[in-house]
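File shown here: entry.csv, holding CSV, C-alpha atoms.
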chain,number,residue,atom,x,y,z
A,1,MET,CA,0.0,0.0,0.0
A,2,HIS,CA,2.9,2.3,0.7
A,3,ASP,CA,4.1,1.5,-2.8
A,4,GLU,CA,0.7,2.6,-4.1
A,5,THR,CA,0.8,6.0,-2.5
A,6,ASP,CA,4.3,6.4,-3.7
A,7,LYS,CA,3.2,5.7,-7.2
A,8,ARG,CA,0.4,8.2,-7.0
A,9,ALA,CA,2.7,10.9,-5.7
A,10,LYS,CA,5.0,10.3,-8.7
A,11,ARG,CA,2.1,10.4,-11.1
A,12,ASP,CA,0.7,13.6,-9.6
A,13,GLN,CA,4.0,15.4,-9.7
A,14,PRO,CA,4.4,16.0,-13.4
A,15,GLY,CA,1.0,17.7,-13.6
A,16,THR,CA,1.9,20.3,-11.1
A,17,ILE,CA,5.5,21.2,-11.9
A,18,SER,CA,7.2,22.0,-15.1
A,19,GLY,CA,10.6,20.4,-14.6
A,20,ARG,CA,12.4,22.5,-12.1
A,21,THR,CA,11.7,21.0,-8.7
A,22,ALA,CA,12.9,17.6,-7.5
A,23,ARG,CA,12.8,15.2,-10.3
A,24,PRO,CA,11.4,11.7,-9.5
A,25,ASP,CA,12.9,8.5,-10.8
A,26,GLY,CA,16.3,8.9,-9.3
A,27,LEU,CA,17.3,12.0,-11.3
A,28,ASP,CA,17.3,14.4,-8.4
A,29,GLY,CA,21.0,14.0,-8.1
A,30,PHE,CA,21.5,14.8,-11.8
A,31,ALA,CA,19.4,18.0,-11.5
A,32,ASP,CA,21.5,19.1,-8.6
A,33,LYS,CA,24.7,18.3,-10.3
A,34,LEU,CA,23.6,20.2,-13.4
A,35,ARG,CA,22.7,23.2,-11.4
A,36,LYS,CA,26.0,23.2,-9.6
A,37,VAL,CA,27.9,22.9,-12.9
A,38,ARG,CA,25.9,25.7,-14.3
A,39,VAL,CA,26.7,27.9,-11.4
A,40,GLU,CA,30.3,27.1,-11.6
A,41,ALA,CA,30.3,27.8,-15.3
A,42,GLY,CA,28.9,31.2,-14.6
A,43,LEU,CA,25.6,30.5,-16.3
A,44,LYS,CA,22.3,31.4,-14.7
A,45,ALA,CA,21.5,28.5,-12.4
A,46,GLU,CA,17.8,28.6,-12.3
A,47,THR,CA,16.7,28.9,-15.9
A,48,PRO,CA,15.2,25.5,-16.6
A,49,ASP,CA,12.6,26.2,-19.3
A,50,PRO,CA,13.9,29.1,-21.4
A,51,HIS,CA,17.5,27.9,-21.3
A,52,ALA,CA,16.9,24.2,-21.9
A,53,THR,CA,14.3,24.5,-24.7
A,54,GLY,CA,14.7,28.0,-25.8
A,55,PRO,CA,17.6,28.1,-28.3
A,56,ASN,CA,17.1,24.8,-30.0
A,57,GLY,CA,14.2,22.7,-28.8
A,58,GLN,CA,11.4,25.2,-28.6
A,59,ALA,CA,12.5,27.2,-31.6
A,60,ASP,CA,12.7,24.1,-33.7
A,61,ASP,CA,9.3,23.0,-32.5
A,62,VAL,CA,7.7,26.3,-33.4
A,63,ASP,CA,9.5,26.2,-36.7
A,64,ASP,CA,8.2,22.8,-37.6
A,65,ALA,CA,4.6,23.3,-36.7
A,66,PRO,CA,3.6,25.3,-39.8
A,67,ARG,CA,5.4,23.0,-42.1
A,68,GLN,CA,3.7,20.0,-40.7
A,69,ASN,CA,0.4,21.7,-41.3
A,70,SER,CA,0.2,20.9,-44.9
A,71,PHE,CA,1.5,17.6,-46.0
A,72,GLY,CA,2.4,16.0,-42.7
A,73,MET,CA,-1.0,16.7,-41.2
A,74,ALA,CA,-2.8,15.2,-44.1
A,75,MET,CA,-0.6,12.1,-44.0
A,76,ARG,CA,-1.1,11.7,-40.3
A,77,LEU,CA,-4.8,12.0,-40.4
A,78,SER,CA,-5.3,9.7,-43.3
A,79,THR,CA,-3.0,7.0,-41.8
A,80,ASP,CA,-4.8,7.3,-38.5
A,81,LEU,CA,-8.1,6.7,-40.2
A,82,VAL,CA,-7.1,3.9,-42.5
A,83,ALA,CA,-5.1,2.0,-39.8
A,84,ALA,CA,-8.1,1.8,-37.4
A,85,VAL,CA,-10.4,0.6,-40.2
A,86,LEU,CA,-7.9,-2.1,-41.2
A,87,VAL,CA,-7.5,-3.2,-37.6
A,88,GLY,CA,-11.2,-3.3,-37.1
A,89,GLY,CA,-11.8,-5.3,-40.2
A,90,PHE,CA,-8.9,-7.6,-39.4
A,91,ILE,CA,-10.2,-8.3,-35.9
A,92,GLY,CA,-13.7,-9.1,-37.3
A,93,TRP,CA,-12.3,-11.3,-40.0
A,94,MET,CA,-10.0,-13.3,-37.6
A,95,LEU,CA,-12.8,-13.7,-35.1
A,96,ASP,CA,-15.1,-14.9,-37.8
A,97,ASP,CA,-12.5,-17.4,-38.9
A,98,TRP,CA,-12.0,-18.6,-35.4
A,99,LEU,CA,-15.7,-18.8,-34.3
A,100,GLY,CA,-17.1,-19.9,-37.7
A,101,THR,CA,-19.6,-17.1,-37.9
A,102,LYS,CA,-18.5,-16.1,-41.3
A,103,PRO,CA,-19.8,-12.6,-42.2
A,104,VAL,CA,-21.4,-11.5,-38.9
A,105,LEU,CA,-18.5,-10.3,-36.8
A,106,LEU,CA,-16.8,-8.7,-39.8
A,107,LEU,CA,-19.9,-6.7,-40.4
A,108,ILE,CA,-19.9,-5.7,-36.7
A,109,PHE,CA,-16.3,-4.9,-36.4
A,110,PHE,CA,-15.8,-3.0,-39.6
A,111,PRO,CA,-18.1,-0.1,-38.6
A,112,LEU,CA,-16.4,-0.2,-35.2
A,113,GLY,CA,-13.1,0.2,-36.9
A,114,VAL,CA,-14.4,3.1,-38.9
A,115,ALA,CA,-15.6,4.7,-35.7
A,116,ALA,CA,-12.3,4.1,-34.1
A,117,GLY,CA,-10.6,5.7,-37.1
A,118,ILE,CA,-12.8,8.8,-36.7
A,119,VAL,CA,-12.0,8.9,-33.0
A,120,ASN,CA,-8.3,8.8,-34.0
A,121,VAL,CA,-8.7,11.6,-36.5
A,122,PHE,CA,-10.6,13.7,-34.1
A,123,ARG,CA,-8.0,13.3,-31.4
A,124,THR,CA,-5.1,13.9,-33.7
A,125,ALA,CA,-6.8,17.0,-35.0
A,126,ASN,CA,-7.5,18.2,-31.5
A,127,ARG,CA,-3.9,17.7,-30.6
A,128,MET,CA,-2.8,19.6,-33.7
A,129,ASN,CA,-5.0,22.5,-32.8
A,130,GLN,CA,-3.7,22.6,-29.3
A,131,GLN,CA,-0.2,22.5,-30.6
A,132,SER,CA,-0.7,25.4,-33.0
A,133,GLU,CA,-2.4,27.4,-30.3
A,134,ALA,CA,0.4,26.7,-27.9
A,135,ALA,CA,2.9,27.7,-30.6
A,136,ASN,CA,1.0,30.9,-31.1
A,137,SER,CA,0.8,31.8,-27.4
A,138,ASP,CA,4.3,30.5,-26.9
A,139,ALA,CA,5.8,33.9,-26.3
A,140,ALA,CA,3.5,34.6,-23.5
A,141,ASP,CA,4.2,31.6,-21.4
A,142,ASP,CA,6.5,28.7,-21.8
A,143,GLY,CA,5.7,25.1,-22.2
A,144,SER,CA,3.4,24.4,-19.3
A,145,ASP,CA,0.1,24.5,-21.3
A,146,ASN,CA,1.1,22.8,-24.6
A,147,ARG,CA,1.3,19.4,-23.0
A,148,SER,CA,-1.5,17.6,-24.6
B,1,MET,CA,19.7,4.0,-55.3
B,2,SER,CA,17.7,7.1,-55.8
B,3,SER,CA,20.2,8.9,-57.9
B,4,PRO,CA,19.5,10.1,-61.3
B,5,ASP,CA,22.7,8.5,-62.5
B,6,HIS,CA,21.4,5.1,-61.8
B,7,GLY,CA,18.3,5.8,-63.8
B,8,ALA,CA,20.4,7.0,-66.7
B,9,ALA,CA,22.6,3.9,-66.6
B,10,ALA,CA,19.6,1.6,-66.6
B,11,ALA,CA,18.0,3.5,-69.4
B,12,ALA,CA,21.2,3.4,-71.5
B,13,GLU,CA,21.4,-0.3,-71.2
B,14,GLY,CA,17.8,-1.3,-71.8
B,15,GLY,CA,16.1,1.4,-73.8
B,16,PHE,CA,13.7,3.4,-71.8
B,17,HIS,CA,13.0,0.7,-69.3
B,18,ILE,CA,13.2,2.4,-65.9
B,19,ASP,CA,12.0,0.4,-63.0
B,20,PRO,CA,11.3,2.8,-60.1
B,21,MET,CA,10.7,-0.1,-57.6
B,22,HIS,CA,14.1,-1.7,-58.3
B,23,GLN,CA,15.7,0.4,-55.6
B,24,PHE,CA,13.7,-1.3,-52.9
B,25,GLU,CA,14.8,-4.8,-53.8
B,26,ILE,CA,16.4,-6.8,-51.1
B,27,SER,CA,19.5,-8.7,-52.0
B,28,ARG,CA,21.4,-11.2,-49.9
B,29,ILE,CA,24.9,-10.3,-49.2
B,30,ILE,CA,25.8,-13.2,-46.9
B,31,PRO,CA,23.2,-16.0,-47.3
B,32,LEU,CA,22.4,-17.6,-44.0
B,33,GLU,CA,19.8,-20.0,-42.8
B,34,ILE,CA,19.1,-20.7,-39.2
B,35,GLY,CA,16.6,-23.5,-38.5
B,36,GLY,CA,14.8,-23.1,-41.8
B,37,ILE,CA,14.4,-19.4,-41.4
B,38,ASP,CA,16.1,-17.2,-43.9
B,39,ALA,CA,18.4,-15.0,-41.8
B,40,SER,CA,20.6,-13.7,-44.5
B,41,PHE,CA,22.6,-10.6,-44.1
B,42,THR,CA,20.9,-8.4,-46.7
B,43,ASN,CA,21.6,-4.9,-48.1
B,44,SER,CA,18.9,-3.7,-45.8
B,45,ALA,CA,20.7,-5.1,-42.8
B,46,LEU,CA,23.9,-3.7,-44.0
B,47,TRP,CA,22.6,-0.2,-44.1
B,48,MET,CA,21.0,-0.6,-40.7
B,49,VAL,CA,24.4,-1.6,-39.4
B,50,ILE,CA,26.0,1.3,-41.1
B,51,VAL,CA,23.5,3.6,-39.6
B,52,ALA,CA,23.9,2.2,-36.1
B,53,VAL,CA,27.7,2.3,-36.3
B,54,THR,CA,27.7,5.8,-37.7
B,55,ALA,CA,25.3,7.1,-35.1
B,56,THR,CA,27.2,5.5,-32.2
B,57,LEU,CA,30.6,6.7,-33.4
B,58,PHE,CA,29.4,10.2,-34.2
B,59,LEU,CA,27.6,10.7,-30.9
B,60,THR,CA,30.4,9.3,-28.8
B,61,LEU,CA,33.3,10.8,-30.7
B,62,SER,CA,31.8,14.2,-31.2
B,63,VAL,CA,31.2,14.7,-27.5
B,64,GLY,CA,34.5,13.1,-26.8
B,65,ALA,CA,36.3,12.5,-23.6
B,66,SER,CA,35.3,14.5,-20.6
B,67,LYS,CA,38.5,16.6,-20.9
B,68,SER,CA,37.8,17.7,-24.4
B,69,ARG,CA,34.1,18.3,-23.9
B,70,ALA,CA,34.2,22.1,-24.3
B,71,LEU,CA,31.8,24.6,-22.9
B,72,VAL,CA,32.1,26.3,-26.2
B,73,PRO,CA,31.4,23.3,-28.4
B,74,SER,CA,32.9,22.3,-31.7
B,75,ARG,CA,30.6,21.9,-34.6
B,76,ALA,CA,30.3,18.1,-34.2
B,77,GLN,CA,29.6,18.4,-30.5
B,78,LEU,CA,27.1,21.1,-31.2
B,79,VAL,CA,25.2,18.8,-33.6
B,80,SER,CA,25.1,16.1,-31.0
B,81,GLU,CA,24.0,18.4,-28.3
B,82,MET,CA,21.3,19.9,-30.5
B,83,ALA,CA,19.9,16.5,-31.3
B,84,TYR,CA,20.0,15.7,-27.6
B,85,GLU,CA,18.3,18.9,-26.5
B,86,PHE,CA,15.7,18.6,-29.3
B,87,ILE,CA,14.5,15.2,-28.1
B,88,ALA,CA,14.8,16.2,-24.5
B,89,GLY,CA,12.7,19.3,-25.2
B,90,ILE,CA,10.0,17.2,-27.0
B,91,MET,CA,9.9,14.7,-24.1
B,92,ARG,CA,9.7,17.5,-21.5
B,93,ASP,CA,6.9,19.1,-23.3
B,94,ILE,CA,4.8,16.0,-24.0
B,95,VAL,CA,5.6,13.5,-21.2
B,96,GLY,CA,6.9,15.7,-18.4
B,97,PRO,CA,9.6,15.0,-15.9
B,98,SER,CA,8.5,11.4,-15.2
B,99,GLY,CA,9.3,10.5,-18.8
B,100,GLN,CA,13.0,11.4,-18.5
B,101,LYS,CA,14.0,7.8,-17.8
B,102,PHE,CA,12.6,6.8,-21.2
B,103,PHE,CA,14.8,9.3,-23.0
B,104,PRO,CA,17.4,6.8,-24.2
B,105,ILE,CA,14.9,4.7,-26.2
B,106,ILE,CA,13.1,7.6,-27.8
B,107,PHE,CA,16.5,9.3,-28.6
B,108,THR,CA,17.8,6.0,-30.1
B,109,LEU,CA,14.6,5.6,-32.2
B,110,PHE,CA,14.8,9.1,-33.4
B,111,ILE,CA,18.4,9.0,-34.4
B,112,PHE,CA,18.1,5.6,-36.0
B,113,ILE,CA,15.1,6.5,-38.1
B,114,LEU,CA,16.6,9.9,-39.0
B,115,LEU,CA,19.8,8.4,-40.2
B,116,CYS,CA,18.1,5.6,-42.0
B,117,ASN,CA,16.0,8.2,-43.9
B,118,LEU,CA,18.9,10.5,-44.6
B,119,PHE,CA,21.4,7.8,-45.6
B,120,GLY,CA,18.7,6.6,-48.0
B,121,MET,CA,19.1,9.9,-49.8
B,122,LEU,CA,22.7,9.1,-50.7
B,123,PRO,CA,23.1,7.8,-54.3
B,124,TYR,CA,23.3,4.0,-54.4
B,125,ALA,CA,22.2,3.8,-50.8
B,126,PHE,CA,19.3,1.6,-49.6
B,127,THR,CA,16.6,2.9,-47.3
B,128,PRO,CA,15.7,0.4,-44.7
B,129,THR,CA,12.7,2.5,-43.6
B,130,SER,CA,11.1,2.1,-47.0
B,131,HIS,CA,10.2,-1.5,-46.0
B,132,ILE,CA,7.2,-1.9,-43.8
B,133,ILE,CA,8.6,-4.8,-41.9
B,134,VAL,CA,11.4,-2.6,-40.6
B,135,THR,CA,9.1,0.3,-39.6
B,136,PHE,CA,6.6,-2.2,-38.2
B,137,ALA,CA,9.3,-3.7,-36.0
B,138,LEU,CA,10.2,-0.3,-34.8
B,139,ALA,CA,6.6,0.6,-34.1
B,140,SER,CA,6.0,-2.7,-32.3
B,141,VAL,CA,8.9,-2.0,-30.0
B,142,VAL,CA,7.2,1.3,-29.1
B,143,PHE,CA,3.8,-0.3,-28.8
B,144,ILE,CA,4.8,-3.3,-26.8
B,145,GLY,CA,7.1,-1.2,-24.6
B,146,VAL,CA,4.6,1.4,-23.9
B,147,THR,CA,1.9,-1.1,-23.1
B,148,LEU,CA,4.2,-2.9,-20.7
B,149,VAL,CA,5.2,0.4,-19.1
B,150,GLY,CA,1.6,1.2,-18.5
B,151,ILE,CA,0.8,-2.3,-17.1
B,152,PHE,CA,3.8,-2.3,-14.8
B,153,LYS,CA,3.0,1.2,-13.6
B,154,HIS,CA,-0.7,1.0,-13.1
B,155,GLY,CA,-1.4,-2.7,-13.0
B,156,PHE,CA,-5.0,-3.5,-13.7
B,157,LYS,CA,-5.9,0.1,-13.7
B,158,PHE,CA,-4.3,0.3,-17.1
B,159,VAL,CA,-7.7,-0.8,-18.5
B,160,LYS,CA,-8.9,2.7,-17.6
B,161,LEU,CA,-7.1,3.8,-20.8
B,162,PHE,CA,-10.0,2.2,-22.7
B,163,ILE,CA,-12.7,3.8,-20.6
B,164,PRO,CA,-13.0,7.5,-21.2
B,165,SER,CA,-14.5,9.4,-18.3
B,166,GLY,CA,-18.0,10.7,-18.5
B,167,VAL,CA,-19.5,8.0,-20.7
B,168,PRO,CA,-22.9,6.6,-19.9
B,169,VAL,CA,-22.8,3.0,-18.7
B,170,TRP,CA,-25.0,1.7,-21.6
B,171,LEU,CA,-22.5,3.1,-24.1
B,172,LEU,CA,-19.5,1.7,-22.3
B,173,PRO,CA,-19.2,-1.7,-24.2
B,174,LEU,CA,-19.4,0.1,-27.5
B,175,ILE,CA,-16.9,2.8,-26.6
B,176,SER,CA,-14.4,0.5,-25.0
B,177,VAL,CA,-14.3,-1.7,-28.0
B,178,ILE,CA,-13.7,1.4,-30.2
B,179,GLU,CA,-11.0,2.5,-27.8
B,180,VAL,CA,-9.3,-0.9,-28.0
B,181,ILE,CA,-9.4,-0.8,-31.8
B,182,SER,CA,-8.1,2.7,-31.7
B,183,TYR,CA,-5.3,1.6,-29.4
B,184,LEU,CA,-4.4,-1.4,-31.6
B,185,SER,CA,-4.3,0.8,-34.7
B,186,ARG,CA,-1.4,2.8,-33.2
B,187,PRO,CA,1.5,0.6,-34.4
B,188,ILE,CA,-0.2,0.2,-37.8
B,189,SER,CA,-0.5,3.9,-38.4
B,190,LEU,CA,2.9,4.6,-36.9
B,191,SER,CA,4.6,2.1,-39.2
B,192,VAL,CA,2.6,2.7,-42.3
B,193,ARG,CA,3.1,6.5,-42.1
B,194,LEU,CA,6.9,6.2,-42.1
B,195,PHE,CA,7.0,3.4,-44.6
B,196,ALA,CA,4.6,5.1,-47.0
B,197,ASN,CA,6.4,8.4,-46.9
B,198,MET,CA,9.7,6.9,-47.7
B,199,LEU,CA,8.4,4.6,-50.4
B,200,ALA,CA,6.4,7.3,-52.1
B,201,GLY,CA,9.2,9.9,-51.9
B,202,HIS,CA,11.8,7.6,-53.3
B,203,THR,CA,9.6,6.2,-56.0
B,204,MET,CA,8.6,9.7,-57.1
B,205,LEU,CA,12.2,10.8,-57.2
B,206,LYS,CA,13.0,7.9,-59.4
B,207,VAL,CA,10.1,8.4,-61.7
B,208,PHE,CA,11.1,12.0,-62.3
B,209,ALA,CA,14.7,11.1,-62.8
B,210,GLY,CA,13.5,8.6,-65.4
B,211,PHE,CA,11.6,11.4,-67.2
B,212,ILE,CA,14.8,13.3,-67.6
B,213,VAL,CA,16.4,10.4,-69.5
B,214,SER,CA,13.4,9.6,-71.6
B,215,LEU,CA,12.8,13.2,-72.7
B,216,GLY,CA,16.5,14.1,-73.1
B,217,PHE,CA,17.8,17.0,-71.1
B,218,ILE,CA,17.5,19.6,-73.9
B,219,GLY,CA,14.2,18.4,-75.3
B,220,GLY,CA,12.2,19.2,-72.2
B,221,GLY,CA,14.1,17.0,-69.7
B,222,PHE,CA,15.3,20.0,-67.8
B,223,LEU,CA,11.8,20.5,-66.4
B,224,PRO,CA,11.7,17.2,-64.5
B,225,PHE,CA,15.4,17.8,-63.7
B,226,PHE,CA,14.6,21.0,-61.8
B,227,PHE,CA,11.6,19.2,-60.3
B,228,ALA,CA,13.8,16.3,-59.1
B,229,VAL,CA,16.2,18.8,-57.5
B,230,ALA,CA,13.3,20.4,-55.6
B,231,LEU,CA,12.0,17.0,-54.7
B,232,THR,CA,15.4,16.0,-53.3
B,233,GLY,CA,15.2,19.0,-51.0
B,234,LEU,CA,11.6,18.0,-50.0
B,235,GLU,CA,12.8,14.4,-49.4
B,236,VAL,CA,15.4,15.6,-46.9
B,237,LEU,CA,12.7,17.6,-45.1
B,238,VAL,CA,10.4,14.6,-45.1
B,239,ALA,CA,13.2,12.4,-43.8
B,240,PHE,CA,13.6,14.7,-40.8
B,241,LEU,CA,9.9,15.3,-40.4
B,242,GLN,CA,9.0,11.6,-40.3
B,243,ALA,CA,11.7,10.8,-37.7
B,244,TYR,CA,10.3,13.8,-35.7
B,245,VAL,CA,6.7,12.6,-36.0
B,246,PHE,CA,7.7,9.1,-35.0
B,247,ALA,CA,9.5,10.4,-31.9
B,248,VAL,CA,6.6,12.8,-31.0
B,249,LEU,CA,4.0,10.0,-31.3
B,250,SER,CA,6.0,7.6,-29.3
B,251,CYS,CA,6.2,10.3,-26.6
B,252,ILE,CA,2.4,10.9,-26.8
B,253,TYR,CA,1.8,7.1,-26.4
B,254,LEU,CA,4.2,7.0,-23.5
B,255,ASN,CA,2.4,9.9,-21.9
B,256,ASP,CA,-0.9,8.1,-22.3
B,257,ALA,CA,0.5,5.0,-20.6
B,258,LEU,CA,2.1,7.0,-17.8
B,259,HIS,CA,-0.7,9.4,-17.1
B,260,LEU,CA,-3.9,7.5,-17.7
B,261,HIS,CA,-6.2,10.4,-17.0
B,262,ASP,CA,-5.2,12.2,-20.2
B,263,HIS,CA,-7.8,11.5,-22.8
Could you spell out this file's structure in structure tokens?
Amino acid sequence: MHDETDKRAKRDQPGTISGRTARPDGLDGFADKLRKVRVEAGLKAETPDPHATGPNGQADDVDDAPRQNSFGMAMRLSTDLVAAVLVGGFIGWMLDDWLGTKPVLLLIFFPLGVAAGIVNVFRTANRMNQQSEAANSDAADDGSDNRS
Amino acid sequence: MSSPDHGAAAAAEGGFHIDPMHQFEISRIIPLEIGGIDASFTNSALWMVIVAVTATLFLTLSVGASKSRALVPSRAQLVSEMAYEFIAGIMRDIVGPSGQKFFPIIFTLFIFILLCNLFGMLPYAFTPTSHIIVTFALASVVFIGVTLVGIFKHGFKFVKLFIPSGVPVWLLPLISVIEVISYLSRPISLSVRLFANMLAGHTMLKVFAGFIVSLGFIGGGFLPFFFAVALTGLEVLVAFLQAYVFAVLSCIYLNDALHLHDH
């Protein structure tokens, strides 16, 4: 039971912090060391978000978002849709084969696959919207809200 | 073998016969059979080994021994550090601090796919990621790994991933089946996306390269030539983008497994 609460504490942590307080999973030592090295090197010690993601990570992210809008987005959405339909149909087919109920389960699972595909597309599109909104309001605040 | 030269050579030998799919052919370099299974060392395997060795050497040598690791980095060190910080940034944004211990696998996947894609752009090279079995294996690693992480972390509560909150009870059987199908479709869409992009891009490049030869450079062939040049640039972008998308989606799946409430 102690283990259980420990797990929950770990799980709750990432929601509330954005990477600067004690890191779980045995990385506290590393964060401390990094901070110390930064201080010794004469860098600003306590600049986790802007320093770490600012120059490369974040900038690249923002840079990629618009490019992905055209071709990558279409590709992502279409594969998401098709994959779920294929999986749904395949499950129905295999179950039919196995249970000997030839067309019935395929007919049931195919529409379910289509539904799952639409759910996939919906989620991906939502995520993309969030990302582009986060990229737009990126200058205002950093990182904490664009975690989907 | 996505180079125009190769298309030219093939056309010179056999009239205008240009086979855009020839570049994806698997050839055995060292035939090997273990227990009735064909485990030959193929050109695909060779290029994967090249990629793995190059990535390992580059990432270790560029950063170097701790003495030579400069605060003002050299170019090679800068590239390594940028790749590292790029993935670290993605992981921090999507998964949060609790995902840091999965950084190595995501970073490895990203670098491996990126280099497979980019090396495939070299003339006479082979692109391992243009075969669905390779990308499916990579996607399966992500899928199975993420599922195991979720099960180990949450135990039976992992099932909650398939039960969205706020759904009426009578809809639950239907919704959870849809969620399961949606979950199972992840490795498919992950692998098909990468494979289809690589396959389509390289085939298109080859087809346009073939047009140059069959039209003759002066008699209109310069048009597809310029197109092929532009397409090469696009392919380099796609090579990067697909590796990026693979890494991002792996992170999203990891995040789902680690923090079930997110849906």
Can you tell me, as a PDB file with C-alpha atoms, in the coordinates of the input, which residues sit within 10 Å of (21.9, -13.4, -53.4) in the file's frame, using all atoms listed in the file?
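For reference, part_8.pdb as written:
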ATOM      1  CA  ILE B  26      16.400  -6.800 -51.100  1.00  0.00           C
ATOM      2  CA  SER B  27      19.500  -8.700 -52.000  1.00  0.00           C
ATOM      3  CA  ARG B  28      21.400 -11.200 -49.900  1.00  0.00           C
ATOM      4  CA  ILE B  29      24.900 -10.300 -49.200  1.00  0.00           C
ATOM      5  CA  ILE B  30      25.800 -13.200 -46.900  1.00  0.00           C
ATOM      6  CA  PRO B  31      23.200 -16.000 -47.300  1.00  0.00           C
ATOM      7  CA  SER B  40      20.600 -13.700 -44.500  1.00  0.00           C
ATOM      8  CA  PHE B  41      22.600 -10.600 -44.100  1.00  0.00           C
ATOM      9  CA  THR B  42      20.900  -8.400 -46.700  1.00  0.00           C
TER      10      THR B  42
END
Residues of chain B within 8 Å of chain A, only C-alpha atoms counted, as a short mmCIF file (atom, residue, chain, number, x, y, z; two decimals) with C-alpha atoms, in the frame of the given file:
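Result saved to selection_9.cif:
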data_model
loop_
_atom_site.label_atom_id
_atom_site.label_comp_id
_atom_site.auth_asym_id
_atom_site.auth_seq_id
_atom_site.Cartn_x
_atom_site.Cartn_y
_atom_site.Cartn_z
CA MET B 82 21.30 19.90 -30.50
CA GLU B 85 18.30 18.90 -26.50
CA PHE B 86 15.70 18.60 -29.30
CA ILE B 87 14.50 15.20 -28.10
CA ALA B 88 14.80 16.20 -24.50
CA GLY B 89 12.70 19.30 -25.20
CA ILE B 90 10.00 17.20 -27.00
CA ARG B 92 9.70 17.50 -21.50
CA ASP B 93 6.90 19.10 -23.30
CA ILE B 94 4.80 16.00 -24.00
CA VAL B 95 5.60 13.50 -21.20
CA GLY B 96 6.90 15.70 -18.40
CA PRO B 97 9.60 15.00 -15.90
CA SER B 98 8.50 11.40 -15.20
CA LYS B 101 14.00 7.80 -17.80
CA LYS B 153 3.00 1.20 -13.60
CA VAL B 177 -14.30 -1.70 -28.00
CA ILE B 178 -13.70 1.40 -30.20
CA GLU B 179 -11.00 2.50 -27.80
CA ILE B 181 -9.40 -0.80 -31.80
CA SER B 182 -8.10 2.70 -31.70
CA LEU B 184 -4.40 -1.40 -31.60
CA SER B 185 -4.30 0.80 -34.70
CA ARG B 186 -1.40 2.80 -33.20
CA ILE B 188 -0.20 0.20 -37.80
CA SER B 189 -0.50 3.90 -38.40
CA VAL B 192 2.60 2.70 -42.30
CA ARG B 193 3.10 6.50 -42.10
CA LEU B 241 9.90 15.30 -40.40
CA LEU B 258 2.10 7.00 -17.80
CA HIS B 259 -0.70 9.40 -17.10
CA ASP B 262 -5.20 12.20 -20.20
#
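With only C-alpha atoms taken into account, every residue lying no more than 8 Å from the file point (5.9, 0.2, -40.7) is included here: Thr129, His131, Ile132, Ile133, Val134, Thr135, Phe136, Ala137, Leu138, Ala139, Pro187, Ile188, Ser189, Leu190, Ser191, Val192, Arg193, Leu194 and Phe195 of chain B.
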Grab the residues selected above and save them as a PDB file, in the coordinates of the input with C-alpha atoms.
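Okay, again-v2.pdb is ready:
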ATOM      1  CA  THR B 129      12.700   2.500 -43.600  1.00  0.00           C
ATOM      2  CA  HIS B 131      10.200  -1.500 -46.000  1.00  0.00           C
ATOM      3  CA  ILE B 132       7.200  -1.900 -43.800  1.00  0.00           C
ATOM      4  CA  ILE B 133       8.600  -4.800 -41.900  1.00  0.00           C
ATOM      5  CA  VAL B 134      11.400  -2.600 -40.600  1.00  0.00           C
ATOM      6  CA  THR B 135       9.100   0.300 -39.600  1.00  0.00           C
ATOM      7  CA  PHE B 136       6.600  -2.200 -38.200  1.00  0.00           C
ATOM      8  CA  ALA B 137       9.300  -3.700 -36.000  1.00  0.00           C
ATOM      9  CA  LEU B 138      10.200  -0.300 -34.800  1.00  0.00           C
ATOM     10  CA  ALA B 139       6.600   0.600 -34.100  1.00  0.00           C
ATOM     11  CA  PRO B 187       1.500   0.600 -34.400  1.00  0.00           C
ATOM     12  CA  ILE B 188      -0.200   0.200 -37.800  1.00  0.00           C
ATOM     13  CA  SER B 189      -0.500   3.900 -38.400  1.00  0.00           C
ATOM     14  CA  LEU B 190       2.900   4.600 -36.900  1.00  0.00           C
ATOM     15  CA  SER B 191       4.600   2.100 -39.200  1.00  0.00           C
ATOM     16  CA  VAL B 192       2.600   2.700 -42.300  1.00  0.00           C
ATOM     17  CA  ARG B 193       3.100   6.500 -42.100  1.00  0.00           C
ATOM     18  CA  LEU B 194       6.900   6.200 -42.100  1.00  0.00           C
ATOM     19  CA  PHE B 195       7.000   3.400 -44.600  1.00  0.00           C
TER      20      PHE B 195
END
Polymer residues at most 7 Å from stretch 111-118 of chain B, all atoms listed in the file, same-chain spacing of 4 or more positions, as a PyMOL selection string: chain B and resi 48+51-52+107+127-129+236+239-240+243
Generate the output file for the selected residues, C-alpha atoms, as a CSV table (one decimal), in the frame of the given file.
chain,number,residue,atom,x,y,z
B,48,MET,CA,21.0,-0.6,-40.7
B,51,VAL,CA,23.5,3.6,-39.6
B,52,ALA,CA,23.9,2.2,-36.1
B,107,PHE,CA,16.5,9.3,-28.6
B,127,THR,CA,16.6,2.9,-47.3
B,128,PRO,CA,15.7,0.4,-44.7
B,129,THR,CA,12.7,2.5,-43.6
B,236,VAL,CA,15.4,15.6,-46.9
B,239,ALA,CA,13.2,12.4,-43.8
B,240,PHE,CA,13.6,14.7,-40.8
B,243,ALA,CA,11.7,10.8,-37.7
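A straight line drawn from atom CA of B:Phe227 to atom CA of B:Leu199 is 17.9 Å long.
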All residues 10 Å or closer to B:Glu81, all atoms listed in the file, same chain fewer than 3 positions away omitted, as a ChimeraX atom specification: /A:56 /B:59,62-63,73,75-78,84-86
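As for atom CA of B:Ile105 and atom CA of A:Ala135, they are spaced 26.3 Å apart.
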